[in-house]
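data33.cif (mmCIF, C-alpha atoms and all ligand atoms) appears below.
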```
data_run
#
loop_
_atom_site.label_atom_id
_atom_site.label_comp_id
_atom_site.auth_asym_id
_atom_site.auth_seq_id
_atom_site.Cartn_x
_atom_site.Cartn_y
_atom_site.Cartn_z
CA MET G 16 35.91 22.15 -36.14
CA GLN G 17 35.23 24.00 -32.90
CA THR G 18 34.27 21.68 -30.03
CA LEU G 19 31.43 22.45 -27.62
CA THR G 20 33.41 21.20 -24.61
CA ASN G 21 37.10 20.74 -23.84
CA ARG G 22 36.61 17.00 -23.27
CA ALA G 23 37.24 15.99 -26.90
CA GLN G 24 40.38 13.90 -27.46
CA GLN G 25 42.33 13.30 -30.62
CA VAL G 26 42.45 9.64 -31.73
CA ASP G 27 46.03 8.34 -32.03
CA ARG G 28 46.27 6.73 -35.50
CA ARG G 29 50.03 6.02 -35.52
CA PRO G 30 51.02 2.42 -36.51
CA MET G 31 51.45 0.18 -33.42
CA THR G 32 54.96 -0.53 -32.18
CA PHE G 33 56.32 -4.08 -31.62
CA TRP G 34 55.50 -3.95 -27.87
CA GLU G 35 52.03 -2.62 -28.50
CA LYS G 36 51.36 -5.48 -30.95
CA LEU G 37 52.27 -7.99 -28.21
CA TYR G 38 49.43 -6.55 -26.03
CA LEU G 39 51.19 -7.98 -22.95
CA PRO G 40 52.07 -4.58 -21.39
CA ALA G 41 48.47 -3.42 -21.88
CA ILE G 42 47.13 -6.66 -20.31
CA ALA G 43 49.53 -6.30 -17.35
CA LYS G 44 48.46 -2.68 -16.91
CA GLY G 45 44.77 -3.70 -16.93
CA MET G 46 45.41 -6.50 -14.41
CA GLY G 47 47.24 -4.01 -12.20
CA ILE G 48 44.21 -1.71 -12.17
CA THR G 49 41.92 -4.70 -11.35
CA LEU G 50 44.18 -5.85 -8.50
CA SER G 51 44.38 -2.35 -7.04
CA HIS G 52 40.54 -2.32 -6.78
CA ILE G 53 40.41 -5.72 -4.97
CA PHE G 54 41.90 -4.19 -1.84
CA SER G 55 40.08 -0.85 -1.99
CA LYS G 56 36.71 -0.16 -0.29
CA LYS G 57 33.77 -1.60 -2.27
CA ALA G 58 31.40 0.92 -3.83
CA THR G 59 28.58 -1.65 -4.00
CA VAL G 60 26.51 -3.43 -1.29
CA ASN G 61 25.21 -7.00 -1.25
CA TYR G 62 21.55 -6.04 -1.71
CA PRO G 63 19.07 -7.31 -0.46
CA GLU G 64 21.04 -8.87 2.43
CA GLU G 65 22.71 -5.51 2.98
CA THR G 66 21.00 -2.15 2.48
CA ARG G 67 22.21 1.42 2.49
CA PRO G 68 20.77 3.78 5.15
CA PHE G 69 17.82 5.80 3.90
CA SER G 70 18.04 9.55 3.54
CA PRO G 71 15.97 11.38 6.20
CA VAL G 72 13.76 12.72 3.39
CA PHE G 73 13.26 9.37 1.63
CA ARG G 74 9.67 8.82 0.47
CA GLY G 75 8.64 5.21 -0.13
CA LEU G 76 5.47 3.17 -0.32
CA HIS G 77 2.24 4.76 0.93
CA VAL G 78 0.12 3.48 3.79
CA LEU G 79 -3.39 4.43 4.85
CA ASN G 80 -3.38 5.07 8.56
CA ARG G 81 -5.86 4.35 11.34
CA ASP G 82 -6.58 6.38 14.46
CA GLU G 83 -5.69 5.30 17.99
CA GLU G 84 -8.95 3.29 18.16
CA GLY G 85 -8.17 1.37 14.98
CA ARG G 86 -10.70 3.25 12.79
CA GLU G 87 -9.87 4.31 9.23
CA ARG G 88 -8.82 7.94 9.14
CA CYS G 89 -9.52 8.56 5.44
CA THR G 90 -12.76 10.44 4.76
CA ALA G 91 -12.49 10.22 0.98
CA CYS G 92 -12.31 14.01 0.71
CA GLY G 93 -10.23 13.69 -2.45
CA LEU G 94 -7.63 16.35 -1.56
CA CYS G 95 -4.77 13.89 -2.06
CA ALA G 96 -6.07 13.03 -5.54
CA VAL G 97 -6.38 16.74 -6.42
CA ALA G 98 -2.85 17.45 -5.14
CA CYS G 99 -1.33 14.51 -7.02
CA PRO G 100 0.51 15.84 -10.09
CA ALA G 101 0.62 12.37 -11.64
CA GLU G 102 -3.12 11.72 -11.24
CA ALA G 103 -2.22 8.42 -9.62
CA ILE G 104 -4.93 8.36 -6.93
CA THR G 105 -8.56 7.36 -7.40
CA MET G 106 -11.23 6.66 -4.81
CA GLU G 107 -14.92 6.12 -4.24
CA ALA G 108 -16.62 7.57 -1.20
CA ALA G 109 -19.32 5.84 0.84
CA GLU G 110 -21.53 6.86 3.76
CA ARG G 111 -20.84 5.28 7.12
CA LYS G 112 -23.84 3.22 8.30
CA GLU G 113 -25.11 2.84 11.82
CA GLY G 114 -23.00 0.38 13.75
CA GLU G 115 -19.89 1.09 11.67
CA GLU G 116 -18.56 3.79 13.99
CA HIS G 117 -15.84 1.41 15.18
CA LEU G 118 -14.58 1.03 11.58
CA TYR G 119 -14.59 4.57 10.20
CA ARG G 120 -13.77 7.74 12.10
CA GLU G 121 -15.96 10.12 10.07
CA GLU G 122 -19.42 9.84 8.43
CA LYS G 123 -17.75 9.37 5.05
CA TYR G 124 -15.04 6.86 4.17
CA ALA G 125 -13.23 5.53 1.12
CA ALA G 126 -15.03 2.39 -0.06
CA ARG G 127 -12.37 2.11 -2.79
CA TYR G 128 -8.95 3.75 -2.70
CA GLU G 129 -6.30 3.06 -5.32
CA ILE G 130 -2.82 4.35 -6.10
CA ASN G 131 -1.24 3.56 -9.45
CA MET G 132 2.40 3.06 -8.50
CA LEU G 133 3.48 3.15 -12.14
CA ARG G 134 2.35 6.77 -12.27
CA CYS G 135 3.48 7.82 -8.81
CA ILE G 136 6.61 9.98 -8.72
CA PHE G 137 6.89 9.79 -4.89
CA CYS G 138 6.67 13.56 -4.54
CA GLY G 139 4.81 13.39 -1.20
CA PHE G 140 2.14 15.97 -2.16
CA CYS G 141 -0.66 13.54 -1.20
CA GLU G 142 0.79 13.19 2.30
CA GLU G 143 1.06 16.98 2.66
CA ALA G 144 -2.46 17.62 1.32
CA CYS G 145 -4.24 15.17 3.65
CA PRO G 146 -6.09 17.05 6.42
CA LYS G 147 -6.75 13.84 8.39
CA GLN G 148 -3.18 12.44 8.57
CA ALA G 149 -4.60 9.42 6.78
CA ILE G 150 -1.94 8.85 4.14
CA TYR G 151 1.74 8.43 4.95
CA MET G 152 4.81 7.52 2.96
CA THR G 153 7.00 4.86 4.55
CA GLU G 154 10.60 3.72 4.09
CA THR G 155 9.52 0.66 2.10
CA PHE G 156 10.04 0.13 -1.61
CA ALA G 157 7.16 -0.89 -3.88
CA PRO G 158 7.97 -4.57 -4.56
CA ALA G 159 8.72 -5.62 -8.14
CA ASN G 160 5.99 -7.29 -10.19
CA TYR G 161 5.69 -8.89 -13.64
CA GLN G 162 2.16 -7.52 -14.24
CA ARG G 163 1.12 -3.88 -14.64
CA LYS G 164 -2.01 -4.54 -12.58
CA GLY G 165 0.25 -5.64 -9.70
CA PHE G 166 1.26 -1.99 -9.32
CA ILE G 167 -2.31 -0.78 -8.75
CA TYR G 168 -2.38 -0.71 -4.96
CA GLY G 169 -5.85 -0.99 -3.47
CA LYS G 170 -7.09 -0.40 0.04
CA ASP G 171 -6.16 -3.95 1.07
CA ASP G 172 -2.53 -3.23 0.17
CA LEU G 173 -2.40 0.26 1.66
CA LEU G 174 -4.41 0.11 4.88
CA ILE G 175 -2.31 -0.72 7.92
CA PRO G 176 -3.50 -3.77 9.91
CA ASP G 177 -6.06 -3.03 12.58
CA PRO G 178 -4.62 -4.06 15.96
CA LYS G 179 -8.10 -4.14 17.57
CA HIS G 180 -10.07 -5.83 14.75
CA PRO G 181 -7.58 -8.03 12.80
CA VAL G 182 -10.20 -8.90 10.12
CA THR G 183 -12.47 -5.91 9.61
CA VAL G 184 -15.93 -6.04 7.97
CA ASN G 185 -15.03 -3.73 5.07
CA LYS G 186 -12.07 -5.92 4.08
CA LYS G 187 -14.29 -9.00 3.83
CA GLU G 188 -16.67 -7.14 1.53
CA GLN G 189 -13.92 -6.01 -0.89
S1 LIG A 1 3.55 10.71 -3.93
FE1 LIG A 1 3.03 12.32 -5.42
S2 LIG A 1 2.73 11.24 -7.34
FE2 LIG A 1 2.68 9.68 -5.73
S3 LIG A 1 0.50 9.43 -5.25
FE3 LIG A 1 1.33 10.98 -3.83
S4 LIG A 1 0.96 12.96 -4.83
FE4 LIG A 1 0.72 11.37 -6.39
S1 LIG A 2 -6.12 10.19 2.23
FE1 LIG A 2 -6.52 12.17 3.25
S2 LIG A 2 -6.64 13.64 1.57
FE2 LIG A 2 -6.85 11.61 0.66
S3 LIG A 2 -9.05 11.27 0.56
FE3 LIG A 2 -8.33 10.37 2.48
S4 LIG A 2 -8.60 12.00 3.99
FE4 LIG A 2 -8.73 12.98 2.00
#
```

Output the file's structure in the form of structure tokens.
Ligand code: SF4
Ligand code: SF4
Amino acid sequence: MQTLTNRAQQVDRRPMTFWEKLYLPAIAKGMGITLSHIFSKKATVNYPEETRPFSPVFRGLHVLNRDEEGRERCTACGLCAVACPAEAITMEAAERKEGEEHLYREEKYAARYEINMLRCIFCGFCEEACPKQAIYMTETFAPANYQRKGFIYGKDDLLIPDPKHPVTVNKKEQ
């Protein structure tokens, strides 16, 4: 039969010799290979104590950014959700009320903003689509979780802490 690749090997079906039946040479050969690897450079790292350097183009967990005055940058325009090929982003917009100018930069803000990390393919399109530099991808992994709902990241998980107002009004309401 014609093979698709040249990697096929014929199986040796000859009866075993006396030395082969002893298995000792094969065991010694295997031990030799193991010993040779003890002194060679390890291919693995002791994660999580030790980590490999990230690639310059690594895209990790998302964050929702604030402006220099600590106000939320996101205006709930929905462009990130439209650009997302995995349909992982959902949001609800709300109107900024009087007196909330210190919380939200624009008249409209995202009252609810969610990313389903089980859908996300970390393509970075949301980051590129955002006209307000509100969403960024960091060098952090999404932590493991036993529950599917633990991978639905809400605004509380995504919004970076406000240095000027450590506990903001909108967070209390959520
Ligand atoms: S990184 Fe890609 S898949 Fe993930 S939320 Fe952004 S646009 Fe969607
Ligand atoms: S993160 Fe950016 S693109 Fe997405 S809704 Fe907010 S402002 Fe619009």

Can you tell me which residues come within 7 Å of ligand LIG 2 (chain A) when counting only C-alpha atoms and all ligand atoms, ideally as a PyMOL selection string? chain G and resi 79+88-96+141+144-150

For CA of Gly85 (chain G) and CA of Glu116 (chain G), determine how far apart the two atoms are, in Å to one decimal place. 10.7 Å

Give the answer as one residue: which of G:Ala159, G:Phe166, G:Tyr151, G:Leu50 has the shortest atom-to-atom distance to Asn80 (chain G), using all atoms listed in the file? G:Tyr151

Please find the residues contacting ligand LIG 1 (chain A) at a distance of at most 10 Å between atoms, with only C-alpha atoms and all ligand atoms counted, and report them as an MDAnalysis selection string. chainID G and resid 74:77 94:105 129:144 150:152

Interatomic distance, CA of Leu174 (chain G) to CA of Glu83 (chain G) (Å, one decimal): 14.2 Å

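When only C-alpha atoms are used to measure the gap to Ala126 (chain G), the shortest distance among G:Trp34, G:Gly114, G:Arg67, G:Met106 belongs to G:Met106.
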
Let me have the centre and edge lengths of the axis-aligned box enclosing all listed atoms of region 39-44 of chain G with 6 Å padding on every side, in Å to one decimal, as AutoDock Vina command-line options.
```
--center_x 49.6 --center_y -5.3 --center_z -19.9 --size_x 16.9 --size_y 17.3 --size_z 18.0
```

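Residue nearest Phe69 (chain G), chosen from G:Ser51, G:Ala109, G:Glu115, G:Phe156 and counting all atoms listed in the file: G:Phe156.
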
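One finds CA of Glu122 (chain G) at 27.2 Å from CA of Thr153 (chain G).
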
Expected file for region 57-189 of chain G keeping C-alpha atoms, as an mmCIF file, in the first residue's frame:
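To be explicit, this is the file written out as selection.cif:
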```
data_model
loop_
_atom_site.group_PDB
_atom_site.id
_atom_site.type_symbol
_atom_site.label_atom_id
_atom_site.label_comp_id
_atom_site.auth_asym_id
_atom_site.auth_seq_id
_atom_site.Cartn_x
_atom_site.Cartn_y
_atom_site.Cartn_z
ATOM 1 C CA LYS G 57 15.399 21.852 31.634
ATOM 2 C CA ALA G 58 12.688 22.554 29.065
ATOM 3 C CA THR G 59 10.110 23.231 31.801
ATOM 4 C CA VAL G 60 9.757 26.019 34.415
ATOM 5 C CA ASN G 61 8.507 25.786 38.001
ATOM 6 C CA TYR G 62 5.240 27.627 37.358
ATOM 7 C CA PRO G 63 3.768 29.611 39.157
ATOM 8 C CA GLU G 64 6.921 30.450 41.179
ATOM 9 C CA GLU G 65 8.776 30.906 37.908
ATOM 10 C CA THR G 66 7.238 32.335 34.733
ATOM 11 C CA ARG G 67 8.437 32.661 31.173
ATOM 12 C CA PRO G 68 8.786 36.193 29.734
ATOM 13 C CA PHE G 69 5.733 37.315 27.790
ATOM 14 C CA SER G 70 5.904 37.922 24.069
ATOM 15 C CA PRO G 71 5.703 41.657 23.206
ATOM 16 C CA VAL G 72 2.390 40.946 21.441
ATOM 17 C CA PHE G 73 0.854 38.891 24.271
ATOM 18 C CA ARG G 74 -2.818 39.737 24.898
ATOM 19 C CA GLY G 75 -4.184 38.832 28.322
ATOM 20 C CA LEU G 76 -7.043 39.809 30.579
ATOM 21 C CA HIS G 77 -8.997 42.970 29.709
ATOM 22 C CA VAL G 78 -9.282 46.048 31.892
ATOM 23 C CA LEU G 79 -11.615 49.030 31.623
ATOM 24 C CA ASN G 80 -9.563 52.170 31.948
ATOM 25 C CA ARG G 81 -10.166 55.519 33.609
ATOM 26 C CA ASP G 82 -8.979 58.955 32.527
ATOM 27 C CA GLU G 83 -6.369 61.017 34.367
ATOM 28 C CA GLU G 84 -9.115 62.355 36.687
ATOM 29 C CA GLY G 85 -10.277 58.862 37.639
ATOM 30 C CA ARG G 86 -13.491 58.970 35.551
ATOM 31 C CA GLU G 87 -14.683 55.962 33.546
ATOM 32 C CA ARG G 88 -13.663 56.309 29.923
ATOM 33 C CA CYS G 89 -16.230 53.890 28.463
ATOM 34 C CA THR G 90 -19.228 55.582 26.832
ATOM 35 C CA ALA G 91 -21.063 52.351 26.059
ATOM 36 C CA CYS G 92 -20.869 53.062 22.322
ATOM 37 C CA GLY G 93 -20.851 49.328 21.604
ATOM 38 C CA LEU G 94 -18.061 49.380 19.002
ATOM 39 C CA CYS G 95 -16.052 46.788 20.936
ATOM 40 C CA ALA G 96 -19.077 44.458 21.013
ATOM 41 C CA VAL G 97 -19.630 44.920 17.258
ATOM 42 C CA ALA G 98 -15.936 44.251 16.518
ATOM 43 C CA CYS G 99 -15.823 41.141 18.714
ATOM 44 C CA PRO G 100 -15.878 38.062 16.455
ATOM 45 C CA ALA G 101 -16.802 35.819 19.392
ATOM 46 C CA GLU G 102 -19.753 37.965 20.512
ATOM 47 C CA ALA G 103 -18.281 37.882 24.003
ATOM 48 C CA ILE G 104 -19.096 41.469 25.030
ATOM 49 C CA THR G 105 -22.446 42.762 26.264
ATOM 50 C CA MET G 106 -23.315 46.071 27.876
ATOM 51 C CA GLU G 107 -26.131 48.351 28.939
ATOM 52 C CA ALA G 108 -25.830 52.091 28.496
ATOM 53 C CA ALA G 109 -27.078 54.692 30.965
ATOM 54 C CA GLU G 110 -27.298 58.493 30.963
ATOM 55 C CA ARG G 111 -24.977 60.392 33.263
ATOM 56 C CA LYS G 112 -26.958 62.379 35.858
ATOM 57 C CA GLU G 113 -26.133 65.773 37.247
ATOM 58 C CA GLY G 114 -23.433 65.523 39.879
ATOM 59 C CA GLU G 115 -21.919 62.393 38.337
ATOM 60 C CA GLU G 116 -19.414 64.277 36.183
ATOM 61 C CA HIS G 117 -16.597 63.130 38.485
ATOM 62 C CA LEU G 118 -17.517 59.473 37.805
ATOM 63 C CA TYR G 119 -18.102 59.326 34.048
ATOM 64 C CA ARG G 120 -16.226 61.266 31.396
ATOM 65 C CA GLU G 121 -19.046 61.452 28.829
ATOM 66 C CA GLU G 122 -22.850 61.918 29.054
ATOM 67 C CA LYS G 123 -23.304 58.188 28.468
ATOM 68 C CA TYR G 124 -21.634 55.355 30.371
ATOM 69 C CA ALA G 125 -21.832 51.585 30.675
ATOM 70 C CA ALA G 126 -24.135 50.749 33.592
ATOM 71 C CA ARG G 127 -23.398 47.073 32.883
ATOM 72 C CA TYR G 128 -20.401 45.763 30.968
ATOM 73 C CA GLU G 129 -19.629 42.062 30.686
ATOM 74 C CA ILE G 130 -17.079 39.928 28.867
ATOM 75 C CA ASN G 131 -17.608 36.184 28.616
ATOM 76 C CA MET G 132 -14.057 34.870 28.943
ATOM 77 C CA LEU G 133 -15.126 31.401 27.819
ATOM 78 C CA ARG G 134 -15.967 32.879 24.425
ATOM 79 C CA CYS G 135 -13.087 35.334 24.169
ATOM 80 C CA ILE G 136 -10.311 34.320 21.784
ATOM 81 C CA PHE G 137 -8.004 37.182 22.902
ATOM 82 C CA CYS G 138 -7.814 38.602 19.387
ATOM 83 C CA GLY G 139 -7.580 42.226 20.598
ATOM 84 C CA PHE G 140 -10.211 43.576 18.164
ATOM 85 C CA CYS G 141 -12.153 45.188 21.043
ATOM 86 C CA GLU G 142 -9.062 47.121 22.104
ATOM 87 C CA GLU G 143 -8.450 48.287 18.531
ATOM 88 C CA ALA G 144 -12.093 49.269 17.955
ATOM 89 C CA CYS G 145 -12.446 51.420 21.084
ATOM 90 C CA PRO G 146 -12.407 55.138 20.179
ATOM 91 C CA LYS G 147 -12.052 56.200 23.837
ATOM 92 C CA GLN G 148 -9.023 54.066 24.842
ATOM 93 C CA ALA G 149 -11.334 52.563 27.445
ATOM 94 C CA ILE G 150 -10.564 48.877 27.042
ATOM 95 C CA TYR G 151 -7.061 47.453 27.251
ATOM 96 C CA MET G 152 -5.607 43.974 27.300
ATOM 97 C CA THR G 153 -3.041 43.360 30.026
ATOM 98 C CA GLU G 154 -0.321 40.759 30.611
ATOM 99 C CA THR G 155 -2.456 38.912 33.173
ATOM 100 C CA PHE G 156 -4.059 35.517 32.683
ATOM 101 C CA ALA G 157 -7.758 34.964 33.405
ATOM 102 C CA PRO G 158 -7.629 32.989 36.675
ATOM 103 C CA ALA G 159 -8.990 29.434 36.701
ATOM 104 C CA ASN G 160 -12.473 28.794 38.078
ATOM 105 C CA TYR G 161 -14.678 25.765 38.781
ATOM 106 C CA GLN G 162 -17.889 27.537 37.688
ATOM 107 C CA ARG G 163 -18.801 28.751 34.203
ATOM 108 C CA LYS G 164 -20.343 31.899 35.691
ATOM 109 C CA GLY G 165 -16.940 32.707 37.233
ATOM 110 C CA PHE G 166 -15.710 33.448 33.715
ATOM 111 C CA ILE G 167 -18.330 36.144 33.079
ATOM 112 C CA TYR G 168 -16.332 39.239 33.979
ATOM 113 C CA GLY G 169 -18.447 42.207 34.994
ATOM 114 C CA LYS G 170 -17.562 45.840 35.454
ATOM 115 C CA ASP G 171 -16.400 45.208 39.023
ATOM 116 C CA ASP G 172 -13.806 42.744 37.716
ATOM 117 C CA LEU G 173 -12.718 44.818 34.726
ATOM 118 C CA LEU G 174 -12.664 48.423 35.893
ATOM 119 C CA ILE G 175 -9.289 49.518 37.242
ATOM 120 C CA PRO G 176 -9.361 50.917 40.801
ATOM 121 C CA ASP G 177 -10.029 54.629 41.044
ATOM 122 C CA PRO G 178 -7.039 56.291 42.731
ATOM 123 C CA LYS G 179 -9.092 59.413 43.587
ATOM 124 C CA HIS G 180 -12.346 57.746 44.714
ATOM 125 C CA PRO G 181 -11.429 54.266 46.068
ATOM 126 C CA VAL G 182 -15.126 53.278 46.507
ATOM 127 C CA THR G 183 -17.160 54.890 43.742
ATOM 128 C CA VAL G 184 -20.951 55.391 43.833
ATOM 129 C CA ASN G 185 -21.657 53.206 40.774
ATOM 130 C CA LYS G 186 -19.819 50.243 42.318
ATOM 131 C CA LYS G 187 -21.967 50.395 45.449
ATOM 132 C CA GLU G 188 -25.114 50.323 43.336
ATOM 133 C CA GLN G 189 -24.065 47.221 41.343
#
```
